[in-house]
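S.K.: Questions regarding the structure given below will be posed in turn.
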Amino acid sequence: MAPAALGGFLADAKILLAEDEGALRRALARSLAKAGCQVTVARDGAEAVQQLEGGPFDVVITDIKMPGVDGLGVLRSVRERDLDVPVILMTAAPDLRSAMDGIEYGAFQYLTKPFELNELDRIVAKAVGLHRIARMKRSALELGGLGANGAGDRAGLEATFQRALGSLWMAYQPILRAQDFSLYGYEALLRCSEPSLPHPGAVLDAAERLEKLTELGERVRRAAAEPIASAPERGMLFVNLHTSDLECPSLYDTASPLSAIADRVVLEITERASILNISDTREKVARLRALGFRIAIDDLGAGYAGLTSFAHLEPEIVKLDMSIVRNISREVTKQKLVRSMTTLCKDLGMLVVAEGIETPEERDTVIALGCDLLQGYLFARPGRPFPDIEL
Ligand code: G
Ligand code: MN
């Protein structure tokens, strides 16, 4: 029996038990039922995955080695449905590799066979208790307005990220010429309808944690290029790169969808992440130019100080971060800064974009200060291809 304090957790706890070995399955099920649990049994992994439909469960207990879908497969399926339910893995032959996988994927605990039935009761009771805490934590986050905040473990994060990829789409935001408000082009912006990854930064963070930035970057570049053929006017396409995309061979592939329209594409490289850890930046950027791409520095004023990004990228276009544009009509320091930037950029043959323009005052000030291109909610919010400009 579990200690008295924990024993209460077992009463009516809903348990899914997956074990292909009949005698052991029956013994475990009997013992858990005796402790008050409601036990659903599965004779293998595939059956366990089916049984998940009848959930939710408080705890899932699964053997690791089973024919067909194994214990880690069960764990992944569990995480596609429930970010928090504890999964206990059982194994006769503990090997470090599968143990590490299991823990990384969010297994709650390992049980090495043979184990005492009391031991199982104790661990299951603890799992039920901690599951309740995890659910409360999630509600607290939601109440605090922080959102469900995704999964706490790798299997959950993978499921979340796959849903994000599945629902990925590109929003487009017009960029206008300051001189006559005509359309210069569109910036393609990553969007998805996965609620726990509510903004592009969250999708990128998830990709980074899963080491899937390359996959995400390729998806974004392909998706960004797609509707351009049907754009109402022949404009430029601005595409955001993550600095790590510079290491991705497909970026330099002459046959990629983006390369096919390279003479209309501006690749934006953000100031927010350092390019110092990218090797041979100059050479890479030269290869991109040889393909026909133009380069922009994005979010200038929000990231690193110093010359590195300018010196390494020698951009054709500079995008001022919206934090500099905000309230610029009332802040003299910002005005001076932008004036110096536009003067300098003009001398160097670079165009300056003012991003995030929200008010007529901001618009008029950045135009007076010499910005060449304009972007922001005042003209158009990012939307499905292709939003109209409101003047
Ligand atoms: O980092 P980058 O500059 O690529 O990001 C642009 C982001 O800013 C997009 O997510 C876009 O939706 C958002 N954005 C675009 N225009 C405006 C604006 O006028 N105001 C604000 N607050 N955000 C904007
Ligand atoms: Mn950008």
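We label chains A, B, ... in the order they appear in the structure tokens, count residues from 1 in each chain, and number ligands from 1 in the order shown.
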Give me every helix (DSSP H, G or I) residue in range 214-319 of chain A, going by DSSP on the backbone, as a VMD selection string.
M.R.: chain A and resid 214 to 230 243 to 247 249 to 252 257 to 260 262 to 264 281 to 291 308 to 313
S.K.: Create the file for the chosen residues now, containing C-alpha atoms and written as a PDB file, in the first residue's frame.
M.R.:
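Wrote selection_25.pdb, looks like this:
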ATOM      1  CA  THR A 214      16.232  24.611 -40.518  1.00  0.00           C
ATOM      2  CA  GLU A 215      12.946  22.853 -41.196  1.00  0.00           C
ATOM      3  CA  LEU A 216      10.957  25.910 -40.138  1.00  0.00           C
ATOM      4  CA  GLY A 217      13.102  28.228 -42.259  1.00  0.00           C
ATOM      5  CA  GLU A 218      12.624  26.076 -45.353  1.00  0.00           C
ATOM      6  CA  ARG A 219       8.871  25.965 -44.794  1.00  0.00           C
ATOM      7  CA  VAL A 220       8.692  29.721 -44.356  1.00  0.00           C
ATOM      8  CA  ARG A 221      10.721  30.479 -47.465  1.00  0.00           C
ATOM      9  CA  ARG A 222       8.680  28.122 -49.617  1.00  0.00           C
ATOM     10  CA  ALA A 223       5.383  29.431 -48.233  1.00  0.00           C
ATOM     11  CA  ALA A 224       6.468  33.070 -48.575  1.00  0.00           C
ATOM     12  CA  ALA A 225       7.285  32.709 -52.264  1.00  0.00           C
ATOM     13  CA  GLU A 226       4.109  30.868 -53.159  1.00  0.00           C
ATOM     14  CA  PRO A 227       1.449  33.585 -53.691  1.00  0.00           C
ATOM     15  CA  ILE A 228       3.854  36.108 -55.183  1.00  0.00           C
ATOM     16  CA  ALA A 229       3.116  35.041 -58.734  1.00  0.00           C
ATOM     17  CA  SER A 230      -0.479  36.138 -58.131  1.00  0.00           C
ATOM     18  CA  THR A 243      20.607  33.995 -38.507  1.00  0.00           C
ATOM     19  CA  SER A 244      20.851  30.200 -38.407  1.00  0.00           C
ATOM     20  CA  ASP A 245      19.185  30.059 -41.859  1.00  0.00           C
ATOM     21  CA  LEU A 246      22.473  31.381 -43.206  1.00  0.00           C
ATOM     22  CA  GLU A 247      23.957  27.963 -42.392  1.00  0.00           C
ATOM     23  CA  PRO A 249      22.362  24.787 -47.742  1.00  0.00           C
ATOM     24  CA  SER A 250      18.872  25.090 -49.244  1.00  0.00           C
ATOM     25  CA  LEU A 251      19.050  28.879 -48.877  1.00  0.00           C
ATOM     26  CA  TYR A 252      21.759  28.851 -51.561  1.00  0.00           C
ATOM     27  CA  PRO A 257      11.168  28.626 -54.989  1.00  0.00           C
ATOM     28  CA  LEU A 258      12.669  31.771 -53.488  1.00  0.00           C
ATOM     29  CA  SER A 259      15.779  31.701 -55.684  1.00  0.00           C
ATOM     30  CA  ALA A 260      13.502  31.552 -58.724  1.00  0.00           C
ATOM     31  CA  ALA A 262      15.500  36.254 -56.199  1.00  0.00           C
ATOM     32  CA  ASP A 263      15.638  39.564 -58.098  1.00  0.00           C
ATOM     33  CA  ARG A 264      12.400  40.545 -56.355  1.00  0.00           C
ATOM     34  CA  THR A 281      29.176  35.754 -43.120  1.00  0.00           C
ATOM     35  CA  ARG A 282      30.644  37.925 -45.842  1.00  0.00           C
ATOM     36  CA  GLU A 283      31.145  34.998 -48.165  1.00  0.00           C
ATOM     37  CA  LYS A 284      27.623  33.711 -47.508  1.00  0.00           C
ATOM     38  CA  VAL A 285      26.083  37.094 -48.158  1.00  0.00           C
ATOM     39  CA  ALA A 286      28.118  37.381 -51.361  1.00  0.00           C
ATOM     40  CA  ARG A 287      26.690  34.051 -52.523  1.00  0.00           C
ATOM     41  CA  LEU A 288      23.162  35.289 -51.809  1.00  0.00           C
ATOM     42  CA  ARG A 289      23.822  38.434 -53.817  1.00  0.00           C
ATOM     43  CA  ALA A 290      25.172  36.350 -56.669  1.00  0.00           C
ATOM     44  CA  LEU A 291      21.810  34.559 -56.701  1.00  0.00           C
ATOM     45  CA  THR A 308      29.390  44.202 -37.128  1.00  0.00           C
ATOM     46  CA  SER A 309      26.080  43.745 -38.871  1.00  0.00           C
ATOM     47  CA  PHE A 310      26.653  46.680 -41.228  1.00  0.00           C
ATOM     48  CA  ALA A 311      30.195  45.690 -41.989  1.00  0.00           C
ATOM     49  CA  HIS A 312      29.358  42.048 -42.604  1.00  0.00           C
ATOM     50  CA  LEU A 313      26.120  42.471 -44.494  1.00  0.00           C
TER      51      LEU A 313
END
S.K.: How close does each residue of chain A get to ligand 1, giving the shortest atom pair and distance in Å to one decimal for every residue with an atom at most 10 Å away, counting only C-alpha atoms and all ligand atoms, sorted by chain and residue number, as a Markdown table?
M.R.:
| residue | atom | partner | partner_atom_place_in_ligand_line | distance |
| --- | --- | --- | --- | --- |
| A:Ala171 | CA | ligand 1 | 12 (O) | 8.3 |
| A:Tyr172 | CA | ligand 1 | 12 (O) | 8.9 |
| A:Gln173 | CA | ligand 1 | 15 (C) | 7.2 |
| A:Pro174 | CA | ligand 1 | 16 (N) | 9.4 |
| A:Ile175 | CA | ligand 1 | 16 (N) | 9.9 |
| A:Glu187 | CA | ligand 1 | 4 (O) | 7.9 |
| A:Ala188 | CA | ligand 1 | 4 (O) | 8.5 |
| A:Leu189 | CA | ligand 1 | 9 (C) | 6.2 |
| A:Leu190 | CA | ligand 1 | 10 (O) | 7.7 |
| A:Arg191 | CA | ligand 1 | 10 (O) | 8.5 |
| A:His199 | CA | ligand 1 | 10 (O) | 7.5 |
| A:Pro200 | CA | ligand 1 | 10 (O) | 6.9 |
| A:Gly201 | CA | ligand 1 | 10 (O) | 8.7 |
| A:Phe238 | CA | ligand 1 | 4 (O) | 9.2 |
| A:Val239 | CA | ligand 1 | 4 (O) | 8.3 |
| A:Asn240 | CA | ligand 1 | 4 (O) | 6.1 |
| A:Leu241 | CA | ligand 1 | 4 (O) | 9.0 |
| A:Glu268 | CA | ligand 1 | 4 (O) | 7.6 |
| A:Ile269 | CA | ligand 1 | 4 (O) | 8.8 |
| A:Thr270 | CA | ligand 1 | 1 (O) | 6.9 |
| A:Glu271 | CA | ligand 1 | 1 (O) | 9.1 |
| A:Arg272 | CA | ligand 1 | 1 (O) | 8.4 |
| A:Ile297 | CA | ligand 1 | 3 (O) | 9.8 |
| A:Asp298 | CA | ligand 1 | 3 (O) | 6.0 |
| A:Asp299 | CA | ligand 1 | 3 (O) | 5.5 |
| A:Leu300 | CA | ligand 1 | 3 (O) | 9.1 |
| A:Ala302 | CA | ligand 1 | 1 (O) | 9.5 |
| A:Lys319 | CA | ligand 1 | 3 (O) | 7.7 |
| A:Leu320 | CA | ligand 1 | 3 (O) | 8.5 |
| A:Asp321 | CA | ligand 1 | 3 (O) | 6.6 |
| A:Met322 | CA | ligand 1 | 20 (N) | 7.2 |
| A:Ser323 | CA | ligand 1 | 22 (N) | 9.0 |
| A:Val325 | CA | ligand 1 | 19 (O) | 9.4 |
| A:Arg326 | CA | ligand 1 | 20 (N) | 8.8 |
| A:Ala354 | CA | ligand 1 | 19 (O) | 9.8 |
| A:Glu355 | CA | ligand 1 | 16 (N) | 6.4 |
| A:Gly356 | CA | ligand 1 | 19 (O) | 3.3 |
| A:Ile357 | CA | ligand 1 | 19 (O) | 4.5 |
| A:Glu358 | CA | ligand 1 | 19 (O) | 4.7 |
| A:Thr359 | CA | ligand 1 | 19 (O) | 8.4 |
| A:Leu374 | CA | ligand 1 | 16 (N) | 9.9 |
| A:Gln375 | CA | ligand 1 | 16 (N) | 6.3 |
| A:Gly376 | CA | ligand 1 | 19 (O) | 3.4 |
| A:Tyr377 | CA | ligand 1 | 19 (O) | 3.7 |
| A:Leu378 | CA | ligand 1 | 19 (O) | 6.2 |
| A:Phe379 | CA | ligand 1 | 19 (O) | 8.2 |
| A:Ala380 | CA | ligand 1 | 16 (N) | 7.8 |
| A:Arg381 | CA | ligand 1 | 16 (N) | 6.3 |
| A:Pro382 | CA | ligand 1 | 12 (O) | 5.7 |
| A:Gly383 | CA | ligand 1 | 12 (O) | 8.9 |
S.K.: Counting only C-alpha atoms, what is within 7 Å of Ile328 in chain A, bar same-chain residues fewer than 6 positions away, as a PDB file with N, CA, C and O atoms, in the first residue's frame?
M.R.:
ATOM      1  N   LYS A 334      15.060  60.822 -30.733  1.00  0.00           N
ATOM      2  CA  LYS A 334      14.771  59.860 -31.794  1.00  0.00           C
ATOM      3  C   LYS A 334      14.861  60.532 -33.164  1.00  0.00           C
ATOM      4  O   LYS A 334      15.388  59.962 -34.108  1.00  0.00           O
ATOM      5  N   GLN A 335      14.356  61.759 -33.225  1.00  0.00           N
ATOM      6  CA  GLN A 335      14.391  62.484 -34.505  1.00  0.00           C
ATOM      7  C   GLN A 335      15.829  62.685 -34.973  1.00  0.00           C
ATOM      8  O   GLN A 335      16.151  62.450 -36.143  1.00  0.00           O
ATOM      9  N   GLU A 362       3.488  60.010 -36.626  1.00  0.00           N
ATOM     10  CA  GLU A 362       4.709  59.218 -36.842  1.00  0.00           C
ATOM     11  C   GLU A 362       5.056  59.189 -38.331  1.00  0.00           C
ATOM     12  O   GLU A 362       6.211  59.347 -38.728  1.00  0.00           O
ATOM     13  N   THR A 365       6.465  62.579 -39.503  1.00  0.00           N
ATOM     14  CA  THR A 365       7.804  62.850 -38.979  1.00  0.00           C
ATOM     15  C   THR A 365       8.868  62.007 -39.698  1.00  0.00           C
ATOM     16  O   THR A 365       9.905  62.531 -40.101  1.00  0.00           O
TER      17      THR A 365
END
S.K.: What are the closest atom pairs, with distances in Å to one decimal, for each residue of range 61-173 of chain A lying within 12 Å of range 10-17 of chain A, using only C-alpha atoms, rows by chain and rising residue number, as a Markdown table?
M.R.:
| residue | atom | partner | partner_atom | distance |
| --- | --- | --- | --- | --- |
| A:Ile61 | CA | A:Leu17 | CA | 4.8 |
| A:Thr62 | CA | A:Leu17 | CA | 5.8 |
| A:Asp63 | CA | A:Leu17 | CA | 8.4 |
| A:Ile64 | CA | A:Leu17 | CA | 11.8 |
| A:Gly71 | CA | A:Leu17 | CA | 10.9 |
| A:Val74 | CA | A:Leu16 | CA | 10.8 |
| A:Leu75 | CA | A:Leu16 | CA | 11.7 |
| A:Val78 | CA | A:Leu16 | CA | 10.6 |
| A:Val85 | CA | A:Ile15 | CA | 10.4 |
| A:Pro86 | CA | A:Ile15 | CA | 10.3 |
| A:Val87 | CA | A:Leu16 | CA | 9.4 |
| A:Ile88 | CA | A:Leu17 | CA | 9.4 |
| A:Leu89 | CA | A:Leu17 | CA | 10.2 |
| A:Met90 | CA | A:Leu17 | CA | 10.4 |
| A:Leu120 | CA | A:Leu10 | CA | 11.1 |
| A:Asp121 | CA | A:Leu10 | CA | 7.8 |
| A:Arg122 | CA | A:Leu10 | CA | 9.1 |
| A:Ile123 | CA | A:Leu10 | CA | 10.3 |
| A:Val124 | CA | A:Leu10 | CA | 7.4 |
| A:Ala125 | CA | A:Leu10 | CA | 5.5 |
| A:Lys126 | CA | A:Leu10 | CA | 9.1 |
| A:Ala127 | CA | A:Leu10 | CA | 9.7 |
| A:Val128 | CA | A:Ala13 | CA | 7.3 |
| A:Gly129 | CA | A:Leu10 | CA | 9.1 |
| A:His131 | CA | A:Ala13 | CA | 11.1 |
| A:Arg132 | CA | A:Ala13 | CA | 11.2 |
S.K.: For the residues selected in the previous step, produce a file with C-alpha atoms as a PDB file, in the first residue's frame.
M.R.:
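Final output, saved to result_35.pdb:
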ATOM      1  CA  ILE A  61       1.729   3.274 -17.294  1.00  0.00           C
ATOM      2  CA  THR A  62       3.409   1.589 -20.227  1.00  0.00           C
ATOM      3  CA  ASP A  63       5.971  -1.079 -20.913  1.00  0.00           C
ATOM      4  CA  ILE A  64       8.796   0.197 -23.147  1.00  0.00           C
ATOM      5  CA  GLY A  71       6.384   2.745 -24.930  1.00  0.00           C
ATOM      6  CA  VAL A  74       2.631   5.620 -26.561  1.00  0.00           C
ATOM      7  CA  LEU A  75       4.238   8.551 -24.733  1.00  0.00           C
ATOM      8  CA  VAL A  78      -0.285  10.793 -25.050  1.00  0.00           C
ATOM      9  CA  VAL A  85      -0.542  13.589 -17.845  1.00  0.00           C
ATOM     10  CA  PRO A  86       2.316  11.647 -16.179  1.00  0.00           C
ATOM     11  CA  VAL A  87       3.594   8.618 -18.076  1.00  0.00           C
ATOM     12  CA  ILE A  88       5.402   5.872 -16.178  1.00  0.00           C
ATOM     13  CA  LEU A  89       7.679   3.691 -18.279  1.00  0.00           C
ATOM     14  CA  MET A  90       8.410   0.092 -17.284  1.00  0.00           C
ATOM     15  CA  LEU A 120       4.033   0.952  -8.133  1.00  0.00           C
ATOM     16  CA  ASP A 121       1.230   2.212  -5.850  1.00  0.00           C
ATOM     17  CA  ARG A 122       3.530   4.787  -4.333  1.00  0.00           C
ATOM     18  CA  ILE A 123       4.736   6.094  -7.704  1.00  0.00           C
ATOM     19  CA  VAL A 124       1.254   6.164  -9.222  1.00  0.00           C
ATOM     20  CA  ALA A 125      -0.114   8.070  -6.224  1.00  0.00           C
ATOM     21  CA  LYS A 126       2.684  10.607  -6.472  1.00  0.00           C
ATOM     22  CA  ALA A 127       2.050  10.941 -10.220  1.00  0.00           C
ATOM     23  CA  VAL A 128      -1.666  11.614  -9.688  1.00  0.00           C
ATOM     24  CA  GLY A 129      -0.851  14.279  -7.101  1.00  0.00           C
ATOM     25  CA  HIS A 131      -0.595  15.869 -12.283  1.00  0.00           C
ATOM     26  CA  ARG A 132      -3.157  17.833 -10.295  1.00  0.00           C
TER      27      ARG A 132
END
S.K.: Write down as number ranges by chain the residues belonging to range 88-117 of chain A that are assigned strand (DSSP E or B) by DSSP computed on the backbone.
M.R.: A: 88-91, 109-112
S.K.: For the residues selected in the previous step, produce a file with N, CA, C and O atoms as a compact mmCIF listing (two decimals), in the first residue's frame.
M.R.:
# COMPACT_ATOMS: atom_id res chain seq x y z
N ILE A 88 4.40 6.68 -16.87
CA ILE A 88 5.40 5.87 -16.18
C ILE A 88 5.86 4.78 -17.13
O ILE A 88 5.02 4.05 -17.69
N LEU A 89 7.14 4.69 -17.36
CA LEU A 89 7.68 3.69 -18.28
C LEU A 89 8.22 2.52 -17.48
O LEU A 89 8.92 2.70 -16.49
N MET A 90 7.90 1.30 -17.94
CA MET A 90 8.41 0.09 -17.28
C MET A 90 9.36 -0.61 -18.24
O MET A 90 9.10 -0.70 -19.43
N THR A 91 10.45 -1.11 -17.69
CA THR A 91 11.36 -1.84 -18.54
C THR A 91 12.09 -2.93 -17.77
O THR A 91 12.38 -2.77 -16.58
N GLN A 109 8.56 8.79 -14.78
CA GLN A 109 9.43 7.95 -13.99
C GLN A 109 9.68 6.62 -14.68
O GLN A 109 8.89 6.16 -15.48
N TYR A 110 10.80 6.02 -14.33
CA TYR A 110 11.15 4.68 -14.79
C TYR A 110 10.91 3.66 -13.72
O TYR A 110 11.23 3.91 -12.58
N LEU A 111 10.38 2.53 -14.09
CA LEU A 111 10.29 1.41 -13.15
C LEU A 111 11.03 0.25 -13.78
O LEU A 111 10.73 -0.15 -14.90
N THR A 112 12.03 -0.26 -13.08
CA THR A 112 12.78 -1.39 -13.61
C THR A 112 12.16 -2.67 -13.06
O THR A 112 11.99 -2.82 -11.86
S.K.: A:Met100, A:Leu267, A:Ala46, A:Ala207: which is nearest ligand 2, counting only C-alpha atoms and all ligand atoms?
M.R.: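 With only C-alpha atoms and all ligand atoms as the atom set, the closest residue is A:Leu267.
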S.K.: Out of A:Leu157, A:Thr333, A:Gly370, A:Leu237, which residue has the shortest atom-to-atom distance to ligand 2 when counting only C-alpha atoms and all ligand atoms?
M.R.: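 Ranked by minimum distance to ligand 2, first place goes to A:Leu237.
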S.K.: Which of these residues is nearest to Arg163 in chain A, using only C-alpha atoms: A:Ala140, A:Leu197, A:Ala178, A:Leu373?
M.R.: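 Closest candidate: A:Leu197.
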S.K.: Would you mind listing what lies within 7 Å of Gly45 in chain A as a list in words, with only C-alpha atoms counted and same-chain residues fewer than 6 positions away left out?
M.R.: Ala18, Met66, Gly68, Val69, Asp70, Gly71 and Val74 of chain A
S.K.: A:Ile103, A:Met170, A:Ile133, A:Val39: which is nearest Asp84 in chain A, counting only C-alpha atoms?
M.R.: A:Ile133
